[in-house]
Amino acid sequence: MVRQDPLTHSYNRLALDEALLDEYRLAQESRRSFAVIMVDADHFKKVNDSYGHTVGDIVLQKMAKLLAVQVGVKGMVARFGGEEFTVLLPNTSAQEARSVAETLREELEKEEMIDGLYITASFGIATYKIDDSHYEQVLNRADAALYKAKEQGRNRVVVSA
């Protein structure tokens, strides 16, 4: 319970931070990479404003379930906060993470949340770099890539340089 988001039943930020720290340590020891995908529901405030917070909660629950089903055992899905989720993909390259994110993006835009309501999401990706001094650097790069995706029109995937 302590590591689970009560609304979406996905992992929470505490569980994500623990997993990221473990992955970071493994990456330092083994020189293998891992990827982080930041996912943010596009125009989510409009959903809450137009349909109410109960529907907004349903959207978040369906979004979390879709992400978890699609990611499966390849990684971990956590609610980062609000309408933002993080996907941790161990032993994954940027190209592999882009493929996963594109699949997630496509599946999400096809999913009917409630009668006639569809949403899109923006995705930012970053991978571990050998000179990272902390796992949060990977998160920060993924977050910056997410904001680029939003600036470029939303409903897209951007990989950090």
# chains A, B, ... in the order shown; residues from 1 in each chain; ligands from 1

call {"tool": "residues_around", "arguments": {"residues": "region 86-97 of chain A", "least_positions_apart": "6", "cutoff": "9 Å", "atoms": "only C-alpha atoms", "output": "PyMOL selection string"}}
result
chain A and resi 13+16+19-20+23+27+32-40+67-68+71+74-80+125-128+139+159-160

call {"tool": "select_by_dssp", "arguments": {"residues": "region 28-149 of chain A", "states": "helix (DSSP H, G or I)", "output": "PDB file with N, CA, C and O atoms, in the first residue's frame"}}
result
ATOM      1  N   GLN A  28      25.545   1.653 -13.284  1.00  0.00           N
ATOM      2  CA  GLN A  28      26.926   2.055 -12.969  1.00  0.00           C
ATOM      3  C   GLN A  28      27.851   0.841 -12.914  1.00  0.00           C
ATOM      4  O   GLN A  28      28.970   0.901 -13.401  1.00  0.00           O
ATOM      5  N   GLU A  29      27.376  -0.240 -12.332  1.00  0.00           N
ATOM      6  CA  GLU A  29      28.190  -1.440 -12.183  1.00  0.00           C
ATOM      7  C   GLU A  29      28.359  -2.190 -13.499  1.00  0.00           C
ATOM      8  O   GLU A  29      29.454  -2.654 -13.821  1.00  0.00           O
ATOM      9  N   SER A  30      27.288  -2.299 -14.252  1.00  0.00           N
ATOM     10  CA  SER A  30      27.297  -3.166 -15.433  1.00  0.00           C
ATOM     11  C   SER A  30      27.468  -2.417 -16.749  1.00  0.00           C
ATOM     12  O   SER A  30      27.618  -3.038 -17.794  1.00  0.00           O
ATOM     13  N   PHE A  44      -5.424  17.797 -19.888  1.00  0.00           N
ATOM     14  CA  PHE A  44      -6.205  17.088 -18.876  1.00  0.00           C
ATOM     15  C   PHE A  44      -7.121  18.016 -18.081  1.00  0.00           C
ATOM     16  O   PHE A  44      -8.212  17.625 -17.664  1.00  0.00           O
ATOM     17  N   LYS A  45      -6.708  19.252 -17.894  1.00  0.00           N
ATOM     18  CA  LYS A  45      -7.551  20.220 -17.180  1.00  0.00           C
ATOM     19  C   LYS A  45      -8.904  20.375 -17.870  1.00  0.00           C
ATOM     20  O   LYS A  45      -9.939  20.503 -17.211  1.00  0.00           O
ATOM     21  N   LYS A  46      -8.897  20.321 -19.206  1.00  0.00           N
ATOM     22  CA  LYS A  46     -10.158  20.415 -19.954  1.00  0.00           C
ATOM     23  C   LYS A  46     -11.083  19.239 -19.643  1.00  0.00           C
ATOM     24  O   LYS A  46     -12.299  19.395 -19.622  1.00  0.00           O
ATOM     25  N   VAL A  47     -10.500  18.063 -19.420  1.00  0.00           N
ATOM     26  CA  VAL A  47     -11.312  16.894 -19.066  1.00  0.00           C
ATOM     27  C   VAL A  47     -12.006  17.159 -17.734  1.00  0.00           C
ATOM     28  O   VAL A  47     -13.222  16.987 -17.595  1.00  0.00           O
ATOM     29  N   ASN A  48     -11.238  17.590 -16.734  1.00  0.00           N
ATOM     30  CA  ASN A  48     -11.822  17.878 -15.426  1.00  0.00           C
ATOM     31  C   ASN A  48     -12.847  19.003 -15.502  1.00  0.00           C
ATOM     32  O   ASN A  48     -13.908  18.927 -14.882  1.00  0.00           O
ATOM     33  N   ASP A  49     -12.526  20.047 -16.264  1.00  0.00           N
ATOM     34  CA  ASP A  49     -13.439  21.192 -16.367  1.00  0.00           C
ATOM     35  C   ASP A  49     -14.722  20.837 -17.106  1.00  0.00           C
ATOM     36  O   ASP A  49     -15.804  21.292 -16.743  1.00  0.00           O
ATOM     37  N   SER A  50     -14.616  20.030 -18.149  1.00  0.00           N
ATOM     38  CA  SER A  50     -15.780  19.697 -18.986  1.00  0.00           C
ATOM     39  C   SER A  50     -16.612  18.545 -18.432  1.00  0.00           C
ATOM     40  O   SER A  50     -17.834  18.544 -18.567  1.00  0.00           O
ATOM     41  N   TYR A  51     -15.949  17.548 -17.850  1.00  0.00           N
ATOM     42  CA  TYR A  51     -16.648  16.331 -17.446  1.00  0.00           C
ATOM     43  C   TYR A  51     -16.703  16.134 -15.936  1.00  0.00           C
ATOM     44  O   TYR A  51     -17.431  15.264 -15.459  1.00  0.00           O
ATOM     45  N   HIS A  53     -14.364  15.960 -12.021  1.00  0.00           N
ATOM     46  CA  HIS A  53     -13.212  15.247 -11.474  1.00  0.00           C
ATOM     47  C   HIS A  53     -13.433  13.739 -11.385  1.00  0.00           C
ATOM     48  O   HIS A  53     -12.478  12.969 -11.454  1.00  0.00           O
ATOM     49  N   THR A  54     -14.688  13.315 -11.268  1.00  0.00           N
ATOM     50  CA  THR A  54     -14.956  11.874 -11.230  1.00  0.00           C
ATOM     51  C   THR A  54     -14.555  11.236 -12.554  1.00  0.00           C
ATOM     52  O   THR A  54     -13.906  10.184 -12.571  1.00  0.00           O
ATOM     53  N   VAL A  55     -14.913  11.875 -13.658  1.00  0.00           N
ATOM     54  CA  VAL A  55     -14.515  11.374 -14.973  1.00  0.00           C
ATOM     55  C   VAL A  55     -12.998  11.498 -15.127  1.00  0.00           C
ATOM     56  O   VAL A  55     -12.346  10.593 -15.664  1.00  0.00           O
ATOM     57  N   GLY A  56     -12.429  12.598 -14.635  1.00  0.00           N
ATOM     58  CA  GLY A  56     -10.967  12.744 -14.663  1.00  0.00           C
ATOM     59  C   GLY A  56     -10.282  11.588 -13.958  1.00  0.00           C
ATOM     60  O   GLY A  56      -9.273  11.050 -14.442  1.00  0.00           O
ATOM     61  N   ASP A  57     -10.836  11.172 -12.830  1.00  0.00           N
ATOM     62  CA  ASP A  57     -10.274  10.027 -12.101  1.00  0.00           C
ATOM     63  C   ASP A  57     -10.388   8.745 -12.920  1.00  0.00           C
ATOM     64  O   ASP A  57      -9.448   7.935 -12.960  1.00  0.00           O
ATOM     65  N   ILE A  58     -11.517   8.555 -13.584  1.00  0.00           N
ATOM     66  CA  ILE A  58     -11.697   7.369 -14.435  1.00  0.00           C
ATOM     67  C   ILE A  58     -10.666   7.362 -15.566  1.00  0.00           C
ATOM     68  O   ILE A  58     -10.075   6.326 -15.881  1.00  0.00           O
ATOM     69  N   VAL A  59     -10.438   8.532 -16.156  1.00  0.00           N
ATOM     70  CA  VAL A  59      -9.441   8.645 -17.228  1.00  0.00           C
ATOM     71  C   VAL A  59      -8.063   8.243 -16.707  1.00  0.00           C
ATOM     72  O   VAL A  59      -7.342   7.479 -17.357  1.00  0.00           O
ATOM     73  N   LEU A  60      -7.683   8.732 -15.530  1.00  0.00           N
ATOM     74  CA  LEU A  60      -6.378   8.388 -14.964  1.00  0.00           C
ATOM     75  C   LEU A  60      -6.279   6.893 -14.678  1.00  0.00           C
ATOM     76  O   LEU A  60      -5.232   6.275 -14.921  1.00  0.00           O
ATOM     77  N   GLN A  61      -7.359   6.312 -14.176  1.00  0.00           N
ATOM     78  CA  GLN A  61      -7.358   4.876 -13.901  1.00  0.00           C
ATOM     79  C   GLN A  61      -7.205   4.061 -15.186  1.00  0.00           C
ATOM     80  O   GLN A  61      -6.418   3.113 -15.236  1.00  0.00           O
ATOM     81  N   LYS A  62      -7.939   4.450 -16.221  1.00  0.00           N
ATOM     82  CA  LYS A  62      -7.836   3.729 -17.500  1.00  0.00           C
ATOM     83  C   LYS A  62      -6.469   3.925 -18.136  1.00  0.00           C
ATOM     84  O   LYS A  62      -5.906   3.005 -18.726  1.00  0.00           O
ATOM     85  N   MET A  63      -5.949   5.127 -18.016  1.00  0.00           N
ATOM     86  CA  MET A  63      -4.628   5.423 -18.566  1.00  0.00           C
ATOM     87  C   MET A  63      -3.576   4.559 -17.866  1.00  0.00           C
ATOM     88  O   MET A  63      -2.728   3.941 -18.529  1.00  0.00           O
ATOM     89  N   ALA A  64      -3.626   4.491 -16.541  1.00  0.00           N
ATOM     90  CA  ALA A  64      -2.670   3.684 -15.774  1.00  0.00           C
ATOM     91  C   ALA A  64      -2.756   2.219 -16.166  1.00  0.00           C
ATOM     92  O   ALA A  64      -1.727   1.544 -16.344  1.00  0.00           O
ATOM     93  N   LYS A  65      -3.982   1.719 -16.320  1.00  0.00           N
ATOM     94  CA  LYS A  65      -4.164   0.311 -16.680  1.00  0.00           C
ATOM     95  C   LYS A  65      -3.603   0.032 -18.070  1.00  0.00           C
ATOM     96  O   LYS A  65      -2.910  -0.960 -18.284  1.00  0.00           O
ATOM     97  N   LEU A  66      -3.906   0.911 -19.023  1.00  0.00           N
ATOM     98  CA  LEU A  66      -3.407   0.725 -20.384  1.00  0.00           C
ATOM     99  C   LEU A  66      -1.878   0.733 -20.400  1.00  0.00           C
ATOM    100  O   LEU A  66      -1.255  -0.125 -21.031  1.00  0.00           O
ATOM    101  N   LEU A  67      -1.266   1.671 -19.704  1.00  0.00           N
ATOM    102  CA  LEU A  67       0.198   1.725 -19.653  1.00  0.00           C
ATOM    103  C   LEU A  67       0.760   0.442 -19.052  1.00  0.00           C
ATOM    104  O   LEU A  67       1.700  -0.143 -19.593  1.00  0.00           O
ATOM    105  N   ALA A  68       0.166  -0.003 -17.940  1.00  0.00           N
ATOM    106  CA  ALA A  68       0.670  -1.202 -17.263  1.00  0.00           C
ATOM    107  C   ALA A  68       0.526  -2.442 -18.142  1.00  0.00           C
ATOM    108  O   ALA A  68       1.449  -3.262 -18.214  1.00  0.00           O
ATOM    109  N   VAL A  69      -0.605  -2.579 -18.817  1.00  0.00           N
ATOM    110  CA  VAL A  69      -0.821  -3.737 -19.690  1.00  0.00           C
ATOM    111  C   VAL A  69       0.179  -3.723 -20.840  1.00  0.00           C
ATOM    112  O   VAL A  69       0.780  -4.752 -21.178  1.00  0.00           O
ATOM    113  N   GLN A  70       0.379  -2.573 -21.455  1.00  0.00           N
ATOM    114  CA  GLN A  70       1.293  -2.470 -22.595  1.00  0.00           C
ATOM    115  C   GLN A  70       2.757  -2.675 -22.184  1.00  0.00           C
ATOM    116  O   GLN A  70       3.513  -3.306 -22.911  1.00  0.00           O
ATOM    117  N   VAL A  71       3.144  -2.134 -21.042  1.00  0.00           N
ATOM    118  CA  VAL A  71       4.538  -2.264 -20.579  1.00  0.00           C
ATOM    119  C   VAL A  71       4.782  -3.682 -20.066  1.00  0.00           C
ATOM    120  O   VAL A  71       5.845  -4.259 -20.302  1.00  0.00           O
ATOM    121  N   GLY A  72       3.812  -4.250 -19.387  1.00  0.00           N
ATOM    122  CA  GLY A  72       3.927  -5.615 -18.891  1.00  0.00           C
ATOM    123  C   GLY A  72       5.133  -5.820 -18.002  1.00  0.00           C
ATOM    124  O   GLY A  72       5.468  -4.964 -17.186  1.00  0.00           O
ATOM    125  N   VAL A  73       5.811  -6.927 -18.215  1.00  0.00           N
ATOM    126  CA  VAL A  73       6.955  -7.269 -17.374  1.00  0.00           C
ATOM    127  C   VAL A  73       8.252  -6.589 -17.837  1.00  0.00           C
ATOM    128  O   VAL A  73       9.287  -6.751 -17.200  1.00  0.00           O
ATOM    129  N   LYS A  74       8.176  -5.830 -18.949  1.00  0.00           N
ATOM    130  CA  LYS A  74       9.377  -5.160 -19.464  1.00  0.00           C
ATOM    131  C   LYS A  74       9.823  -4.017 -18.567  1.00  0.00           C
ATOM    132  O   LYS A  74      10.954  -3.556 -18.659  1.00  0.00           O
ATOM    133  N   ALA A  94      17.578   3.927 -26.092  1.00  0.00           N
ATOM    134  CA  ALA A  94      16.685   5.027 -26.473  1.00  0.00           C
ATOM    135  C   ALA A  94      15.781   4.606 -27.627  1.00  0.00           C
ATOM    136  O   ALA A  94      14.586   4.913 -27.644  1.00  0.00           O
ATOM    137  N   GLN A  95      16.328   3.884 -28.583  1.00  0.00           N
ATOM    138  CA  GLN A  95      15.542   3.440 -29.733  1.00  0.00           C
ATOM    139  C   GLN A  95      14.436   2.465 -29.300  1.00  0.00           C
ATOM    140  O   GLN A  95      13.299   2.552 -29.767  1.00  0.00           O
ATOM    141  N   GLU A  96      14.769   1.539 -28.409  1.00  0.00           N
ATOM    142  CA  GLU A  96      13.762   0.605 -27.895  1.00  0.00           C
ATOM    143  C   GLU A  96      12.690   1.343 -27.100  1.00  0.00           C
ATOM    144  O   GLU A  96      11.495   1.050 -27.223  1.00  0.00           O
ATOM    145  N   ALA A  97      13.110   2.320 -26.309  1.00  0.00           N
ATOM    146  CA  ALA A  97      12.161   3.104 -25.506  1.00  0.00           C
ATOM    147  C   ALA A  97      11.244   3.918 -26.405  1.00  0.00           C
ATOM    148  O   ALA A  97      10.053   4.061 -26.118  1.00  0.00           O
ATOM    149  N   ARG A  98      11.785   4.456 -27.501  1.00  0.00           N
ATOM    150  CA  ARG A  98      10.956   5.205 -28.454  1.00  0.00           C
ATOM    151  C   ARG A  98       9.867   4.296 -29.038  1.00  0.00           C
ATOM    152  O   ARG A  98       8.716   4.693 -29.166  1.00  0.00           O
ATOM    153  N   SER A  99      10.232   3.075 -29.366  1.00  0.00           N
ATOM    154  CA  SER A  99       9.273   2.124 -29.913  1.00  0.00           C
ATOM    155  C   SER A  99       8.165   1.831 -28.893  1.00  0.00           C
ATOM    156  O   SER A  99       6.980   1.810 -29.237  1.00  0.00           O
ATOM    157  N   VAL A 100       8.546   1.618 -27.649  1.00  0.00           N
ATOM    158  CA  VAL A 100       7.567   1.388 -26.580  1.00  0.00           C
ATOM    159  C   VAL A 100       6.661   2.606 -26.434  1.00  0.00           C
ATOM    160  O   VAL A 100       5.428   2.485 -26.373  1.00  0.00           O
ATOM    161  N   ALA A 101       7.248   3.793 -26.402  1.00  0.00           N
ATOM    162  CA  ALA A 101       6.475   5.024 -26.223  1.00  0.00           C
ATOM    163  C   ALA A 101       5.515   5.257 -27.385  1.00  0.00           C
ATOM    164  O   ALA A 101       4.367   5.677 -27.179  1.00  0.00           O
ATOM    165  N   GLU A 102       5.959   4.990 -28.603  1.00  0.00           N
ATOM    166  CA  GLU A 102       5.072   5.157 -29.764  1.00  0.00           C
ATOM    167  C   GLU A 102       3.881   4.203 -29.684  1.00  0.00           C
ATOM    168  O   GLU A 102       2.748   4.582 -29.994  1.00  0.00           O
ATOM    169  N   THR A 103       4.140   2.975 -29.256  1.00  0.00           N
ATOM    170  CA  THR A 103       3.048   2.023 -29.074  1.00  0.00           C
ATOM    171  C   THR A 103       2.083   2.519 -28.004  1.00  0.00           C
ATOM    172  O   THR A 103       0.856   2.484 -28.194  1.00  0.00           O
ATOM    173  N   LEU A 104       2.618   2.995 -26.894  1.00  0.00           N
ATOM    174  CA  LEU A 104       1.776   3.532 -25.824  1.00  0.00           C
ATOM    175  C   LEU A 104       0.948   4.710 -26.326  1.00  0.00           C
ATOM    176  O   LEU A 104      -0.256   4.801 -26.053  1.00  0.00           O
ATOM    177  N   ARG A 105       1.571   5.601 -27.055  1.00  0.00           N
ATOM    178  CA  ARG A 105       0.885   6.788 -27.577  1.00  0.00           C
ATOM    179  C   ARG A 105      -0.268   6.383 -28.497  1.00  0.00           C
ATOM    180  O   ARG A 105      -1.385   6.883 -28.372  1.00  0.00           O
ATOM    181  N   GLU A 106       0.023   5.449 -29.406  1.00  0.00           N
ATOM    182  CA  GLU A 106      -0.997   4.998 -30.357  1.00  0.00           C
ATOM    183  C   GLU A 106      -2.150   4.284 -29.664  1.00  0.00           C
ATOM    184  O   GLU A 106      -3.318   4.515 -29.990  1.00  0.00           O
ATOM    185  N   GLU A 107      -1.835   3.420 -28.715  1.00  0.00           N
ATOM    186  CA  GLU A 107      -2.877   2.679 -28.006  1.00  0.00           C
ATOM    187  C   GLU A 107      -3.732   3.614 -27.155  1.00  0.00           C
ATOM    188  O   GLU A 107      -4.949   3.449 -27.068  1.00  0.00           O
ATOM    189  N   LEU A 108      -3.102   4.581 -26.538  1.00  0.00           N
ATOM    190  CA  LEU A 108      -3.829   5.518 -25.692  1.00  0.00           C
ATOM    191  C   LEU A 108      -4.803   6.369 -26.499  1.00  0.00           C
ATOM    192  O   LEU A 108      -5.949   6.559 -26.094  1.00  0.00           O
ATOM    193  N   GLU A 109      -4.383   6.833 -27.662  1.00  0.00           N
ATOM    194  CA  GLU A 109      -5.273   7.688 -28.450  1.00  0.00           C
ATOM    195  C   GLU A 109      -6.457   6.910 -29.024  1.00  0.00           C
ATOM    196  O   GLU A 109      -7.477   7.495 -29.358  1.00  0.00           O
ATOM    197  N   LYS A 110      -6.337   5.572 -29.104  1.00  0.00           N
ATOM    198  CA  LYS A 110      -7.435   4.738 -29.605  1.00  0.00           C
ATOM    199  C   LYS A 110      -8.416   4.318 -28.506  1.00  0.00           C
ATOM    200  O   LYS A 110      -9.504   3.849 -28.795  1.00  0.00           O
ATOM    201  N   TYR A 135      20.413   9.421 -10.434  1.00  0.00           N
ATOM    202  CA  TYR A 135      19.325   8.977 -11.315  1.00  0.00           C
ATOM    203  C   TYR A 135      18.368  10.108 -11.677  1.00  0.00           C
ATOM    204  O   TYR A 135      17.698  10.053 -12.702  1.00  0.00           O
ATOM    205  N   GLU A 136      18.292  11.129 -10.832  1.00  0.00           N
ATOM    206  CA  GLU A 136      17.382  12.242 -11.125  1.00  0.00           C
ATOM    207  C   GLU A 136      17.774  12.978 -12.405  1.00  0.00           C
ATOM    208  O   GLU A 136      16.930  13.619 -13.029  1.00  0.00           O
ATOM    209  N   GLN A 137      19.019  12.871 -12.809  1.00  0.00           N
ATOM    210  CA  GLN A 137      19.432  13.499 -14.070  1.00  0.00           C
ATOM    211  C   GLN A 137      18.703  12.861 -15.249  1.00  0.00           C
ATOM    212  O   GLN A 137      18.333  13.552 -16.191  1.00  0.00           O
ATOM    213  N   VAL A 138      18.488  11.558 -15.185  1.00  0.00           N
ATOM    214  CA  VAL A 138      17.745  10.870 -16.239  1.00  0.00           C
ATOM    215  C   VAL A 138      16.289  11.358 -16.227  1.00  0.00           C
ATOM    216  O   VAL A 138      15.729  11.691 -17.270  1.00  0.00           O
ATOM    217  N   LEU A 139      15.701  11.420 -15.040  1.00  0.00           N
ATOM    218  CA  LEU A 139      14.331  11.928 -14.899  1.00  0.00           C
ATOM    219  C   LEU A 139      14.210  13.352 -15.444  1.00  0.00           C
ATOM    220  O   LEU A 139      13.259  13.672 -16.148  1.00  0.00           O
ATOM    221  N   ASN A 140      15.173  14.189 -15.099  1.00  0.00           N
ATOM    222  CA  ASN A 140      15.138  15.592 -15.546  1.00  0.00           C
ATOM    223  C   ASN A 140      15.216  15.700 -17.065  1.00  0.00           C
ATOM    224  O   ASN A 140      14.525  16.523 -17.668  1.00  0.00           O
ATOM    225  N   ARG A 141      16.043  14.870 -17.699  1.00  0.00           N
ATOM    226  CA  ARG A 141      16.135  14.889 -19.159  1.00  0.00           C
ATOM    227  C   ARG A 141      14.834  14.386 -19.796  1.00  0.00           C
ATOM    228  O   ARG A 141      14.378  14.930 -20.804  1.00  0.00           O
ATOM    229  N   ALA A 142      14.244  13.359 -19.201  1.00  0.00           N
ATOM    230  CA  ALA A 142      12.969  12.853 -19.715  1.00  0.00           C
ATOM    231  C   ALA A 142      11.889  13.919 -19.572  1.00  0.00           C
ATOM    232  O   ALA A 142      11.071  14.113 -20.481  1.00  0.00           O
ATOM    233  N   ASP A 143      11.892  14.625 -18.463  1.00  0.00           N
ATOM    234  CA  ASP A 143      10.919  15.692 -18.235  1.00  0.00           C
ATOM    235  C   ASP A 143      11.109  16.827 -19.240  1.00  0.00           C
ATOM    236  O   ASP A 143      10.135  17.352 -19.781  1.00  0.00           O
ATOM    237  N   ALA A 144      12.357  17.188 -19.508  1.00  0.00           N
ATOM    238  CA  ALA A 144      12.639  18.238 -20.501  1.00  0.00           C
ATOM    239  C   ALA A 144      12.169  17.791 -21.890  1.00  0.00           C
ATOM    240  O   ALA A 144      11.609  18.599 -22.648  1.00  0.00           O
ATOM    241  N   ALA A 145      12.380  16.528 -22.220  1.00  0.00           N
ATOM    242  CA  ALA A 145      11.912  15.999 -23.514  1.00  0.00           C
ATOM    243  C   ALA A 145      10.384  16.018 -23.574  1.00  0.00           C
ATOM    244  O   ALA A 145       9.800  16.327 -24.616  1.00  0.00           O
ATOM    245  N   LEU A 146       9.737  15.721 -22.452  1.00  0.00           N
ATOM    246  CA  LEU A 146       8.275  15.780 -22.394  1.00  0.00           C
ATOM    247  C   LEU A 146       7.783  17.196 -22.700  1.00  0.00           C
ATOM    248  O   LEU A 146       6.845  17.381 -23.470  1.00  0.00           O
ATOM    249  N   TYR A 147       8.433  18.190 -22.126  1.00  0.00           N
ATOM    250  CA  TYR A 147       8.012  19.568 -22.385  1.00  0.00           C
ATOM    251  C   TYR A 147       8.256  19.972 -23.836  1.00  0.00           C
ATOM    252  O   TYR A 147       7.482  20.725 -24.404  1.00  0.00           O
ATOM    253  N   LYS A 148       9.299  19.420 -24.440  1.00  0.00           N
ATOM    254  CA  LYS A 148       9.508  19.667 -25.874  1.00  0.00           C
ATOM    255  C   LYS A 148       8.373  19.057 -26.688  1.00  0.00           C
ATOM    256  O   LYS A 148       7.901  19.655 -27.656  1.00  0.00           O
ATOM    257  N   ALA A 149       7.936  17.865 -26.305  1.00  0.00           N
ATOM    258  CA  ALA A 149       6.818  17.219 -27.004  1.00  0.00           C
ATOM    259  C   ALA A 149       5.562  18.085 -26.910  1.00  0.00           C
ATOM    260  O   ALA A 149       4.829  18.241 -27.888  1.00  0.00           O
TER     261      ALA A 149
END
